[in-house]
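J.: Below is the file entry-v2.txt, with compact mmCIF, C-alpha atoms.
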# COMPACT_ATOMS: atom_id res chain seq x y z
CA MET N 210 -17.57 15.78 11.68
CA SER N 211 -16.98 12.54 13.50
CA HIS N 212 -13.87 10.51 12.89
CA LEU N 213 -14.48 6.83 12.45
CA THR N 214 -11.68 4.58 13.56
CA CYS N 215 -9.69 2.86 10.89
CA GLU N 216 -9.44 -0.63 12.32
CA LEU N 217 -7.47 -2.31 9.58
CA GLU N 218 -5.44 -0.97 6.77
CA GLY N 219 -2.94 -1.85 4.16
CA ALA N 220 -1.13 -0.33 1.27
CA SER N 221 0.21 -1.57 -2.01
CA ILE N 222 2.34 -0.47 -4.90
CA VAL N 223 1.49 -2.10 -8.19
CA LEU N 224 3.53 -1.88 -11.39
CA LEU N 225 2.51 -3.09 -14.82
CA GLY N 226 5.17 -3.98 -17.34
CA ASP N 227 7.32 -6.88 -18.48
CA LEU N 228 8.73 -8.72 -15.50
CA ASN N 229 10.61 -11.89 -14.78
CA PRO N 230 8.89 -13.35 -11.70
CA ALA N 231 11.64 -15.85 -10.95
CA ILE N 232 14.03 -13.05 -10.01
CA PHE N 233 11.92 -11.96 -7.07
CA HIS N 234 12.99 -14.63 -4.62
CA PRO N 235 13.34 -13.62 -0.94
CA GLY N 236 17.01 -14.53 -1.17
CA TRP N 237 17.49 -12.00 -3.97
CA PHE N 238 16.03 -9.26 -1.78
CA ALA N 239 18.28 -10.22 1.14
CA ALA N 240 21.37 -10.47 -1.08
CA ASN N 241 20.67 -6.93 -2.24
CA ASN N 242 20.09 -5.60 1.26
CA LEU N 243 16.39 -4.95 0.67
CA LEU N 244 15.18 -7.43 3.28
CA ARG N 245 16.81 -8.66 6.45
CA LYS N 246 18.46 -12.01 5.91
CA SER N 247 16.39 -13.44 8.76
CA GLU N 248 13.21 -12.19 7.04
CA ALA N 249 14.21 -13.84 3.80
CA ASP N 250 15.03 -17.07 5.61
CA ASP N 251 11.71 -17.03 7.44
CA ALA N 252 9.61 -15.90 4.45
CA THR N 253 6.59 -18.00 3.61
CA ILE N 254 7.19 -18.86 -0.02
CA GLN N 255 4.04 -19.82 -1.84
CA VAL N 256 5.65 -20.19 -5.21
CA VAL N 257 8.69 -19.01 -7.14
CA THR N 258 8.51 -19.88 -10.82
CA ARG N 259 9.02 -18.21 -14.18
CA GLU N 260 5.29 -17.49 -14.25
CA LEU N 261 4.59 -16.41 -10.72
CA THR N 262 6.37 -15.51 -7.52
CA ALA N 263 4.48 -15.05 -4.28
CA PHE N 264 5.84 -14.88 -0.77
CA ASN N 265 5.06 -13.21 2.55
CA THR N 266 7.23 -11.91 5.33
CA SER N 267 6.16 -10.47 8.66
CA TRP N 268 5.31 -7.14 7.00
CA LEU N 269 5.39 -7.71 3.26
CA ARG N 270 3.28 -9.58 0.76
CA LEU N 271 4.85 -9.79 -2.66
CA ALA N 272 3.31 -11.22 -5.83
CA VAL N 273 4.81 -10.97 -9.28
CA LEU N 274 3.27 -12.13 -12.54
CA PRO N 275 4.95 -11.64 -15.93
CA ASP N 276 2.97 -8.43 -16.42
CA ARG N 277 2.46 -7.26 -12.87
CA PHE N 278 4.41 -6.56 -9.67
CA THR N 279 2.49 -6.09 -6.42
CA ALA N 280 4.05 -5.28 -3.07
CA SER N 281 1.65 -4.88 -0.13
CA CYS N 282 1.94 -4.26 3.56
CA ILE N 283 -0.43 -4.33 6.47
CA GLY N 284 -0.73 -1.36 8.78
CA ALA N 285 0.35 2.24 8.55
CA ASP N 286 3.74 1.42 10.04
CA GLY N 287 4.87 -0.24 6.82
CA HIS N 288 4.49 2.60 4.33
CA GLU N 289 8.12 3.69 4.45
CA LEU N 290 9.36 0.10 4.30
CA LEU N 291 7.19 -0.56 1.26
CA ARG N 292 8.43 2.59 -0.43
CA ASP N 293 12.07 1.69 0.22
CA LEU N 294 11.62 -1.86 -1.00
CA VAL N 295 10.12 -0.78 -4.33
CA VAL N 296 12.63 2.03 -4.78
CA GLY N 297 15.50 -0.35 -4.06
CA THR N 298 14.13 -3.10 -6.27
CA PHE N 299 13.65 -0.97 -9.35
CA THR N 300 16.83 0.98 -8.80
CA LEU N 301 18.55 -2.36 -9.22
CA LEU N 302 16.25 -3.46 -12.05
CA ALA N 303 16.43 -0.11 -13.76
CA HIS N 304 15.95 -1.50 -17.25
CA THR N 305 12.68 -3.28 -16.51
CA PRO N 306 10.03 -2.01 -18.91
CA ILE N 307 7.28 -0.49 -16.76
CA ARG N 308 4.24 1.14 -18.32
CA ARG N 309 1.91 2.01 -15.47
CA PHE N 310 1.96 2.07 -11.72
CA GLY N 311 -0.58 2.46 -8.94
CA PHE N 312 -0.51 3.44 -5.28
CA ASN N 313 -3.29 1.99 -3.16
CA ARG N 314 -4.35 2.54 0.42
CA ASP N 315 -7.03 0.21 1.72
CA GLN N 316 -8.84 1.12 4.91
CA HIS N 317 -11.53 -0.62 6.91
CA PHE N 318 -13.52 1.67 9.21
CA ALA N 319 -15.73 0.48 12.03
CA ALA N 320 -19.16 2.14 11.88
CA PRO N 321 -20.89 2.88 15.17
CA ASP N 322 -24.09 1.14 14.11
CA ARG N 323 -26.08 -0.17 11.16
CA ASP N 324 -27.93 3.14 10.76
CA TYR N 325 -24.65 4.89 10.11
CA ILE N 326 -23.90 2.58 7.21
CA MET N 327 -27.44 3.00 5.85
CA ARG N 328 -27.21 6.80 5.99
CA LEU N 329 -23.86 6.71 4.26
CA GLY N 330 -25.16 4.44 1.51
CA HIS N 331 -28.26 6.56 0.92
CA LYS N 332 -26.21 9.73 0.82
CA LEU N 333 -23.69 8.40 -1.68
CA ALA N 334 -26.33 6.70 -3.80
CA PRO N 335 -29.80 8.23 -3.33
CA LYS N 336 -32.42 5.57 -3.90
CA ASP N 337 -35.30 7.77 -4.97
CA VAL N 338 -33.97 7.90 -8.52
CA TRP N 339 -34.00 4.14 -8.88
CA PRO N 340 -37.08 2.42 -10.35
CA ALA N 341 -39.76 1.68 -7.81
CA SER N 342 -39.91 -1.86 -9.10
CA LEU N 343 -36.59 -2.49 -7.35
CA GLN N 344 -37.21 -3.41 -3.76
CA LEU N 345 -34.71 -2.50 -1.05
CA PRO N 346 -31.99 -1.09 -3.30
CA LEU N 347 -28.74 -0.96 -1.39
CA LEU N 348 -25.31 0.21 -2.37
CA PHE N 349 -23.11 -2.78 -3.10
CA SER N 350 -20.00 -1.00 -4.25
CA MET N 351 -19.17 2.33 -5.77
CA THR N 352 -16.07 3.56 -7.55
CA MET N 353 -15.55 7.21 -8.36
CA LYS N 354 -12.88 8.30 -10.78
CA ALA N 355 -11.32 11.74 -10.48
CA THR N 356 -8.09 13.63 -10.86
CA ARG N 357 -6.24 15.35 -8.07
CA ALA N 358 -6.64 19.08 -7.88
CA ASP N 359 -2.96 19.42 -7.00
CA LYS N 360 -1.50 17.12 -9.65
CA ALA N 361 -1.26 17.53 -13.38
CA SER N 362 -1.38 13.88 -14.37
CA GLY N 363 -2.75 10.59 -13.20
CA ASN N 364 -6.08 9.28 -12.06
CA VAL N 365 -7.62 8.75 -8.68
CA HIS N 366 -10.14 5.98 -8.10
CA VAL N 367 -12.02 5.82 -4.83
CA GLN N 368 -13.97 2.69 -4.06
CA ILE N 369 -16.36 2.31 -1.16
CA ALA N 370 -18.06 -0.92 -0.17
CA PRO N 371 -19.00 -2.95 2.88
CA SER N 372 -15.93 -4.35 4.58
CA ARG N 373 -15.34 -8.08 4.32
CA ASN N 374 -13.15 -7.98 7.38
CA LEU N 375 -15.19 -6.06 9.93
CA PRO N 376 -18.76 -6.54 11.01
CA LEU N 377 -20.48 -3.19 10.41
CA GLY N 378 -17.39 -2.05 8.60
CA ILE N 379 -16.85 0.25 5.66
CA PHE N 380 -14.07 -0.40 3.17
CA VAL N 381 -12.49 2.49 1.31
CA GLN N 382 -9.74 2.10 -1.21
CA VAL N 383 -8.02 5.09 -2.71
CA ASN N 384 -5.98 4.37 -5.79
CA GLU N 385 -3.74 6.69 -7.76
CA ASP N 386 -2.33 5.50 -11.02
CA ARG N 387 -0.34 6.92 -13.84
CA GLU N 388 1.38 5.93 -17.06
CA VAL N 389 5.17 5.99 -17.18
CA SER N 390 7.79 5.11 -19.74
CA SER N 391 10.57 3.69 -17.57
CA ALA N 392 11.42 2.12 -14.25
CA ALA N 393 13.38 5.26 -13.39
CA GLN N 394 10.18 7.30 -13.52
CA VAL N 395 8.52 4.83 -11.19
CA VAL N 396 11.44 5.01 -8.76
CA ASP N 397 11.20 8.80 -8.71
CA ALA N 398 7.45 8.73 -8.19
CA VAL N 399 7.57 6.14 -5.43
CA LYS N 400 10.43 7.92 -3.69
CA ASN N 401 8.87 11.36 -3.83
CA GLU N 402 5.12 10.80 -3.90
CA PHE N 403 4.12 7.55 -2.25
CA ILE N 404 3.99 8.76 1.36
CA GLU N 405 2.12 11.89 0.33
CA ALA N 406 -0.31 9.72 -1.64
CA MET N 407 -0.98 7.71 1.50
CA THR N 408 -1.71 10.90 3.45
CA PHE N 409 -4.04 12.08 0.70
CA ALA N 410 -5.79 8.71 0.68
CA GLY N 411 -6.30 8.86 4.43
CA LYS N 412 -7.92 12.28 4.22
CA VAL N 413 -10.18 11.28 1.34
CA ALA N 414 -11.34 8.17 3.17
CA GLN N 415 -12.04 10.06 6.40
CA GLU N 416 -14.05 12.71 4.59
CA LEU N 417 -16.01 10.10 2.71
CA VAL N 418 -16.98 7.87 5.63
CA ALA N 419 -17.91 10.97 7.67
CA GLN N 420 -20.83 11.43 5.25
CA GLY N 421 -22.70 8.90 7.36
CA ASP N 422 -22.89 11.42 10.20
CA GLU N 423 -26.37 12.38 11.30
CA LYS N 424 -26.80 16.05 10.45
CA MET T 237 -0.61 -22.82 -16.14
CA SER T 238 -3.52 -20.47 -16.81
CA ARG T 239 -3.75 -17.05 -15.23
CA SER T 240 -6.68 -18.10 -13.08
CA GLN T 241 -4.69 -21.12 -11.87
CA LEU T 242 -1.78 -18.87 -11.01
CA LEU T 243 -4.05 -16.61 -9.05
CA GLU T 244 -5.51 -19.61 -7.25
CA VAL T 245 -2.01 -20.32 -5.95
CA LEU T 246 -2.06 -16.96 -4.25
CA ASP T 247 -5.19 -17.80 -2.34
CA ASP T 248 -4.25 -18.39 1.26
CA PRO T 249 -5.78 -21.61 2.58
CA HIS T 250 -5.25 -20.39 6.11
CA ASP T 251 -7.50 -17.37 5.83
CA LEU T 252 -9.00 -16.92 9.27
CA SER T 253 -10.74 -13.65 8.59
CA LEU T 254 -14.25 -13.32 9.89
CA GLY T 255 -15.73 -11.67 6.86
CA ILE T 256 -19.14 -10.36 6.15
CA ASP T 257 -20.88 -10.81 2.88
CA PRO T 258 -20.45 -7.80 0.68
CA ASP T 259 -24.18 -7.72 0.04
CA GLY T 260 -24.97 -6.71 3.56
CA PRO T 261 -23.44 -6.43 7.00
CA ASN T 262 -23.93 -9.68 8.84
CA PRO T 263 -21.66 -10.25 11.81
CA ASN T 264 -22.84 -13.82 12.15
CA ASN T 265 -21.54 -14.81 8.79
CA THR T 266 -18.15 -16.37 9.41
CA SER T 267 -17.45 -17.53 5.90
CA SER T 268 -14.12 -16.33 4.70
CA ALA T 269 -14.12 -13.95 1.84
CA ARG T 270 -12.26 -15.77 -0.90
CA ARG T 271 -9.69 -13.83 -2.73
CA PHE T 272 -8.52 -13.68 -6.30
CA THR T 273 -10.74 -16.50 -7.47
CA ALA T 274 -13.56 -14.17 -8.38
CA LEU T 275 -11.38 -12.26 -10.81
CA PRO T 276 -12.18 -12.24 -14.47
CA PRO T 277 -9.60 -14.20 -16.48
CA SER T 278 -7.59 -11.19 -17.57
CA PRO T 279 -8.53 -8.25 -15.42
CA TYR T 280 -5.75 -5.89 -16.34
CA PRO T 281 -5.59 -4.96 -19.97
CA GLU T 282 -3.27 -2.09 -20.62
CA SER T 283 -6.11 0.08 -21.74
CA GLY T 284 -9.81 -0.02 -22.35
CA PRO T 285 -12.48 -1.37 -20.10
CA ALA T 286 -12.48 -4.84 -18.63
CA SER T 287 -14.48 -6.69 -21.22
CA ASP T 288 -16.56 -8.67 -18.75
CA ALA T 289 -17.55 -5.58 -16.85
CA MET T 290 -18.55 -3.42 -19.77
CA GLY T 291 -19.58 -6.12 -22.25
CA LEU T 292 -21.98 -5.92 -25.16
CA GLY T 293 -20.00 -3.27 -26.93
CA GLN T 294 -21.31 -0.49 -24.75
CA THR T 295 -18.28 1.64 -25.35
CA MET T 296 -18.71 1.39 -29.10
CA LEU T 297 -22.38 2.25 -28.86
CA LEU T 298 -21.77 5.26 -26.66
CA GLY T 299 -18.62 6.31 -28.44
CA PRO T 300 -15.66 8.17 -27.00
CA THR T 301 -17.11 11.53 -26.16
CA ALA T 302 -16.40 14.34 -23.77
CA PRO T 303 -16.32 13.26 -20.12
CA THR T 304 -19.67 12.53 -18.65
CA ALA T 305 -20.78 12.04 -15.08
CA ILE T 306 -20.95 8.34 -15.77
CA LEU T 307 -17.53 7.16 -16.70
CA GLN T 308 -17.12 5.65 -20.12
CA ASP T 309 -14.03 4.20 -21.76
CA HIS T 310 -11.28 4.18 -19.16
CA PRO T 311 -8.29 1.99 -18.26
CA VAL T 312 -8.78 -0.33 -15.34
CA PRO T 313 -7.27 1.13 -12.15
CA ILE T 314 -3.91 -0.29 -11.11
CA LYS T 315 -5.01 -1.86 -7.88
CA ALA T 316 -3.92 -4.80 -5.83
CA LEU T 317 -6.01 -7.84 -6.62
CA ASP T 318 -9.27 -7.66 -4.73
CA ALA T 319 -7.76 -5.55 -2.00
CA ARG T 320 -10.87 -5.69 0.13
CA SER T 321 -9.47 -8.86 1.57
CA ALA T 322 -6.20 -9.49 -0.22
CA VAL T 323 -4.09 -7.25 1.94
CA PHE T 324 -5.63 -8.59 5.09
CA SER T 325 -5.03 -12.28 4.76
CA ALA T 326 -5.50 -13.20 8.37
CA PRO T 327 -3.36 -10.62 10.11
CA MET T 328 -2.88 -12.24 13.50
CA GLU T 329 -1.74 -8.94 14.91
CA ILE T 330 -1.40 -5.39 13.78
CA LEU T 331 0.60 -2.45 15.03
CA ARG T 332 -1.70 0.50 15.56
CA VAL T 333 0.53 3.52 15.06
CA LEU T 334 0.49 6.30 17.62
CA GLN T 335 3.64 8.07 16.55
CA LYS T 336 6.18 7.56 13.82
CA TRP T 337 9.58 9.17 13.36
CA GLU T 338 12.33 9.01 10.81
CA GLY T 339 15.74 9.08 12.45
CA THR T 340 19.12 9.85 10.96
CA VAL T 341 22.10 8.61 12.92
CA GLN T 342 24.45 11.43 13.87
CA ASP T 343 27.12 9.62 15.83
CA ILE T 344 27.73 6.46 17.79
CA ASN T 345 29.35 6.44 21.18
CA GLY T 346 29.94 2.92 22.39
CA THR T 347 26.64 1.61 23.65
CA GLU T 348 24.62 4.66 22.60
CA PHE T 349 23.92 6.57 19.45
CA THR T 350 22.52 10.02 18.77
CA ALA T 351 20.01 10.64 16.04
CA ARG T 352 18.05 13.48 14.52
CA PHE T 353 14.35 12.66 14.52
CA SER T 354 11.76 13.99 12.10
CA ASP T 355 8.17 13.50 13.17
CA LEU T 356 6.38 11.63 10.39
CA THR T 357 3.04 11.72 12.19
CA ASN T 358 3.07 15.49 12.55
CA PRO T 359 5.58 16.69 9.97
CA GLU T 360 5.16 20.32 11.03
CA ASN T 361 6.88 19.52 14.34
CA PRO T 362 10.53 20.63 14.44
CA PRO T 363 13.24 17.96 14.36
CA GLU T 364 14.56 16.68 17.66
CA PHE T 365 17.84 15.10 18.72
CA MET T 366 17.85 12.14 21.03
CA THR T 367 20.28 9.54 22.32
CA MET T 368 19.24 5.91 22.32
CA PRO T 369 20.90 2.72 23.52
CA VAL T 370 22.32 0.61 20.70
CA GLU T 371 20.51 -2.38 22.14
CA GLU T 372 17.21 -0.79 21.03
CA VAL T 373 18.26 -1.60 17.47
CA PRO T 374 17.16 -5.07 16.37
CA THR T 375 20.11 -7.40 15.94
CA PRO T 376 19.66 -7.87 12.16
CA ASP T 377 19.84 -4.10 11.68
CA ARG T 378 22.88 -3.36 13.85
CA GLU T 379 25.23 -3.83 10.90
CA LEU T 380 23.48 -0.83 9.33
CA LEU T 381 24.07 1.42 12.34
CA ALA T 382 26.45 4.09 11.06
CA PRO T 383 26.47 7.88 10.84
CA GLY T 384 24.03 8.96 8.15
CA ALA T 385 21.95 5.78 8.33
CA VAL T 386 18.20 6.32 8.25
CA PHE T 387 15.75 4.37 10.39
CA TYR T 388 12.06 4.39 11.26
CA TRP T 389 10.85 4.36 14.84
CA VAL T 390 7.21 3.52 15.44
CA ILE T 391 5.40 3.59 18.77
CA GLY T 392 1.94 2.17 19.04
CA TYR T 393 -0.23 -0.65 20.25
CA ARG T 394 0.29 -4.16 19.06
CA GLU T 395 -3.16 -5.73 18.89
CA ARG T 396 -3.88 -9.37 18.47
CA ARG T 397 -6.96 -10.94 16.98
CA ASP T 398 -7.99 -12.17 20.43
CA GLY T 399 -8.15 -8.57 21.67
CA HIS T 400 -4.85 -8.55 23.53
CA ARG T 401 -3.18 -5.16 23.31
CA GLU T 402 0.25 -4.04 24.44
CA ARG T 403 2.46 -1.03 23.94
CA ALA T 404 5.04 -1.62 21.28
CA SER T 405 8.08 0.14 19.90
CA SER T 406 9.62 -0.85 16.61
CA ILE T 407 12.86 0.28 15.00
CA ARG T 408 13.80 -0.68 11.46
CA PHE T 409 16.68 0.66 9.46
CA GLN T 410 16.22 1.77 5.90
CA ARG T 411 17.42 -0.78 3.39
CA LEU T 412 18.47 0.44 0.01
CA PRO T 413 20.90 -1.15 -2.42
CA ALA T 414 24.54 -0.21 -2.16
CA TRP T 415 25.74 2.42 -4.59
CA THR T 416 27.30 0.98 -7.68
CA ALA T 417 30.63 2.25 -8.98
CA SER T 418 28.89 3.84 -11.96
CA ALA T 419 26.31 5.53 -9.73
CA ARG T 420 29.09 6.94 -7.55
CA THR T 421 30.93 8.21 -10.60
CA GLU T 422 27.75 9.78 -11.93
CA ALA T 423 27.04 11.46 -8.60
CA LYS T 424 30.58 12.84 -8.45
CA GLU T 425 30.25 14.20 -11.97
CA ASN T 426 26.92 15.80 -11.14
CA ALA T 427 28.38 17.36 -7.98
CA HIS T 428 31.38 18.64 -9.92
CA ARG T 429 29.14 20.13 -12.61
CA LEU T 430 26.91 21.76 -10.00
CA ALA T 431 29.92 23.20 -8.19
CA GLN T 432 31.15 24.69 -11.45
CA GLU T 433 27.76 26.21 -12.17
CA LEU T 434 27.77 27.77 -8.72
CA GLY T 435 31.29 29.08 -9.23
CA TRP T 436 32.73 27.08 -6.35
CA THR T 437 35.62 25.69 -8.38
Written as structure tokens, how would this file's structure read?

T.:
Amino acid sequence: MSHLTCELEGASIVLLGDLNPAIFHPGWFAANNLLRKSEADDATIQVVTRELTAFNTSWLRLAVLPDRFTASCIGADGHELLRDLVVGTFTLLAHTPIRRFGFNRDQHFAAPDRDYIMRLGHKLAPKDVWPASLQLPLLFSMTMKATRADKASGNVHVQIAPSRNLPLGIFVQVNEDREVSSAAQVVDAVKNEFIEAMTFAGKVAQELVAQGDEK
Amino acid sequence: MSRSQLLEVLDDPHDLSLGIDPDGPNPNNTSSARRFTALPPSPYPESGPASDAMGLGQTMLLGPTAPTAILQDHPVPIKALDARSAVFSAPMEILRVLQKWEGTVQDINGTEFTARFSDLTNPENPPEFMTMPVEEVPTPDRELLAPGAVFYWVIGYRERRDGHRERASSIRFQRLPAWTASARTEAKENAHRLAQELGWT
């Protein structure tokens, strides 16, 4: 099995619930020791309002809507920082009503050539079952839903599609999500499971893109 | 402000990514993949399918039945918005990780400190102890340097969009909120209760 190189990657933690976007100002994170003061001072603030907060730092992209909190990072070096930021945030905001959360790892793999991508697409979505009246059927995007063999609850969604960021690239996103009843449950899950979820996502993506191997 | 307008605000006007159209690899296509704007108006209902995607009452026609190979009624996954490009809004440089450790400060001796390192890249490796100069710690994190403090040490290649690559080492200390008085009290009570259960008191 060949190992394609993951050229770009990111991760995100998404929470759904009832949130107050205006709280999530970079200064609030610095005041609570969750970001360096210099990071908060240098953050690119797109907007901070009651309806939406969005800002970026050198490693973090944060967006909060009244029903949705998203913290993302670029690169595999930020996983622990992302985990700590979300754990710290919702330890402080322990009474925030949170109903669901998701862990996402997004990876862009460089394929060796166009044939590799074609083989992968045909293997994942055989074309001989599609009506002959459709010319040149090609896989645009595929999402598979599953559960993890080693976990009792939650869903896994794996999406595969052409990368928008790499020429001859393959995008794989592995998402795990679960329902919860409190912010405390989210804090526990992020603290104890997020890094492992990233490892799992990396293995799933590698196994999937390896299906383009010539055998 | 409508939801779609809010999401428009998130769209980065400085997106420099050289995307390819999702309908086929085309390295010559330099149009930026636009983010968020292609979302349906309310893509994240708490349950049930996204109405635009499933439409026409398909779920009602098919009915909630035992799982089939083709997924039927199911909550929308909790993903970042259009992550295919959202996460990668023009990263001018990335750190390609070769090795990653978690360190715990053991003691500090003037200009050096000793730490216990756990290998995060290969967790089966045994922990190691190493002494590092304090000046390796970034200035904003030096106030966190204390016995017991946790930090992350990453070694890799920093790669720029123009292809430039250099070895890089990055240290960042863990940032978590300070313990509150009530949390300390609760922890003490838990420790006391545990000690009693173990017969230590």

J.: Tell me which protein, DNA and RNA residues are within 7 Å of stretch 267-284 of chain N, counting all atoms listed in the file, leaving out same-chain ones fewer than 4 positions away, and put them as a list in words.

T.: Leu217, Glu218, Gly219, Ala220, Ser221, Ile222, Val223, Leu224, Leu225, Gly226, Asp227, Leu228, Asn229, Pro230, Glu260, Leu261, Thr262, Ala263 and Leu291 of chain N; Ala316, Val323, Phe324, Ile330 and Leu331 of chain T

J.: Would you save the residues of that selection, restricted to C-alpha atoms, as an mmCIF file, keeping the file's coordinate frame?

T.:
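Written out: again.cif:
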data_model
loop_
_atom_site.group_PDB
_atom_site.id
_atom_site.type_symbol
_atom_site.label_atom_id
_atom_site.label_comp_id
_atom_site.auth_asym_id
_atom_site.auth_seq_id
_atom_site.Cartn_x
_atom_site.Cartn_y
_atom_site.Cartn_z
ATOM 1 C CA LEU N 217 -7.470 -2.310 9.580
ATOM 2 C CA GLU N 218 -5.440 -0.970 6.770
ATOM 3 C CA GLY N 219 -2.940 -1.850 4.160
ATOM 4 C CA ALA N 220 -1.130 -0.330 1.270
ATOM 5 C CA SER N 221 0.210 -1.570 -2.010
ATOM 6 C CA ILE N 222 2.340 -0.470 -4.900
ATOM 7 C CA VAL N 223 1.490 -2.100 -8.190
ATOM 8 C CA LEU N 224 3.530 -1.880 -11.390
ATOM 9 C CA LEU N 225 2.510 -3.090 -14.820
ATOM 10 C CA GLY N 226 5.170 -3.980 -17.340
ATOM 11 C CA ASP N 227 7.320 -6.880 -18.480
ATOM 12 C CA LEU N 228 8.730 -8.720 -15.500
ATOM 13 C CA ASN N 229 10.610 -11.890 -14.780
ATOM 14 C CA PRO N 230 8.890 -13.350 -11.700
ATOM 15 C CA GLU N 260 5.290 -17.490 -14.250
ATOM 16 C CA LEU N 261 4.590 -16.410 -10.720
ATOM 17 C CA THR N 262 6.370 -15.510 -7.520
ATOM 18 C CA ALA N 263 4.480 -15.050 -4.280
ATOM 19 C CA LEU N 291 7.190 -0.560 1.260
ATOM 20 C CA ALA T 316 -3.920 -4.800 -5.830
ATOM 21 C CA VAL T 323 -4.090 -7.250 1.940
ATOM 22 C CA PHE T 324 -5.630 -8.590 5.090
ATOM 23 C CA ILE T 330 -1.400 -5.390 13.780
ATOM 24 C CA LEU T 331 0.600 -2.450 15.030
#

J.: Give me, as a list in words, all polymer residues having an atom no more than 8 Å from stretch 379-386 of chain T, counting all atoms listed in the file and skipping those fewer than 4 positions away in the same chain.

T.: Glu338, Gly339, Thr340, Val341, Gln342, Asp343, Ile344, Phe409 and Gln410 of chain T

J.: Which residue gives the smallest distance to N:Leu244 among N:Ala303, N:Leu213, N:Ala419, N:Val295, with only C-alpha atoms counted?

T.: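 Of N:Ala303, N:Leu213, N:Ala419, N:Val295, the one nearest N:Leu244 is N:Val295, counting only C-alpha atoms.
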
J.: Got a sec to check which residues sit within 10 Å of (9.2, 3.6, -8.1), counting all atoms listed in the file, and write them as a ChimeraX atom specification?

T.: /N:222-224,292-300,303,307,310-311,391-403

J.: Tell me which of N:Met327, N:Val413, N:Ala358, N:Ala231 sits closest to chain T, counting only C-alpha atoms.

T.: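 The answer is N:Met327, which sits nearest to chain T.
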
J.: Using only C-alpha atoms, determine which residues lie at most 8 Å from stretch 332-336 of chain T, disregarding the query and same-chain residues fewer than 6 positions distant; provide the list as number ranges by chain.

T.: N: 284-286; T: 355-357, 388-395

J.: Would you list the contacts of N:Thr352 as a list in words, taking every protein, DNA or RNA residue within 8 Å and counting all atoms listed in the file, but skipping same-chain residues closer than 4 positions in sequence?

T.: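 Once the adjacent positions are removed, what remains is His366, Val367, Gln368 and Ile369 of chain N.
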
J.: Just C-alpha atoms for this one: save the residues we selected as a short mmCIF file (atom, residue, chain, number, x, y, z; two decimals), in the frame of the given file.

T.:
data_model
loop_
_atom_site.label_atom_id
_atom_site.label_comp_id
_atom_site.auth_asym_id
_atom_site.auth_seq_id
_atom_site.Cartn_x
_atom_site.Cartn_y
_atom_site.Cartn_z
CA HIS N 366 -10.14 5.98 -8.10
CA VAL N 367 -12.02 5.82 -4.83
CA GLN N 368 -13.97 2.69 -4.06
CA ILE N 369 -16.36 2.31 -1.16
#

J.: Assuming 4 Å of padding per side, give the centre and edge lengths of the axis-aligned box around every listed atom of stretch 343-353 of chain N, in Å to one decimal and as AutoDock Vina command-line options.

T.:
--center_x -26.4 --center_y 1.9 --center_z -4.7 --size_x 29.7 --size_y 18.6 --size_z 15.3

J.: Report as a compact mmCIF listing (two decimals) with C-alpha atoms, in the frame of the given file all protein, DNA and RNA residues lying within 9 Å of T:Glu348, evaluated on only C-alpha atoms, omitting residues in the same chain fewer than 3 positions from it.

T.:
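The result, stored in part.txt:
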# COMPACT_ATOMS: atom_id res chain seq x y z
CA ASP T 343 27.12 9.62 15.83
CA ILE T 344 27.73 6.46 17.79
CA ASN T 345 29.35 6.44 21.18
CA THR T 367 20.28 9.54 22.32
CA MET T 368 19.24 5.91 22.32
CA PRO T 369 20.90 2.72 23.52
CA VAL T 370 22.32 0.61 20.70
CA GLU T 371 20.51 -2.38 22.14

J.: By how many Å are atom CA of T:Arg408 and atom CA of N:Leu290 apart?

T.: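 Result for atom CA of T:Arg408 versus atom CA of N:Leu290: 8.5 Å, one decimal.
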
J.: Could you jot down the atom CA of N:Gly330 to atom CA of N:Val381 separation for me, Å, one decimal place?

T.: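 Atom-to-atom, atom CA of N:Gly330 and atom CA of N:Val381 are spaced 12.8 Å apart.
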
J.: Which one of T:Arg401, T:Arg411, T:Arg429, T:Lys424 sits closest to chain N if you count only C-alpha atoms?

T.: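 Of T:Arg401, T:Arg411, T:Arg429, T:Lys424, the one nearest chain N, counting only C-alpha atoms, is T:Arg411.
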
J.: Would you compute the distance between atom CA of T:Glu372 and atom CA of T:Ser354? Give it in Å to one decimal.

T.: 18.1 Å

J.: Which is closer to N:Phe238 than all the others in T:Pro413, T:Ala431, T:Phe353, T:Thr375, using only C-alpha atoms?

T.: T:Pro413

J.: Here's a test: counting all atoms listed in the file, identify every protein, DNA and RNA residue with an atom at most 9 Å from (-7.2, 3.3, -7.8) in the file's coordinate frame, and state them as a list in words.

T.: Gly311, Phe312, Asn313, Arg314, Thr352, Lys354, Asn364, Val365, His366, Val367, Gln368, Gln382, Val383, Asn384, Glu385 and Asp386 of chain N; Val312, Pro313, Ile314, Lys315 and Ala316 of chain T

J.: Under the rule that all atoms listed in the file are counted, which of N:Pro376, N:Pro335, N:Gly236, N:Gly411 is the nearest residue to chain T?

T.: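 With all atoms listed in the file as the atom set, the closest residue is N:Pro376.
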
J.: Using all atoms listed in the file, which of N:Ala334, N:Arg373, N:Met351, N:Glu289 sits nearest chain T?

T.: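 Of the candidates, the smallest distance to chain T is held by N:Arg373.
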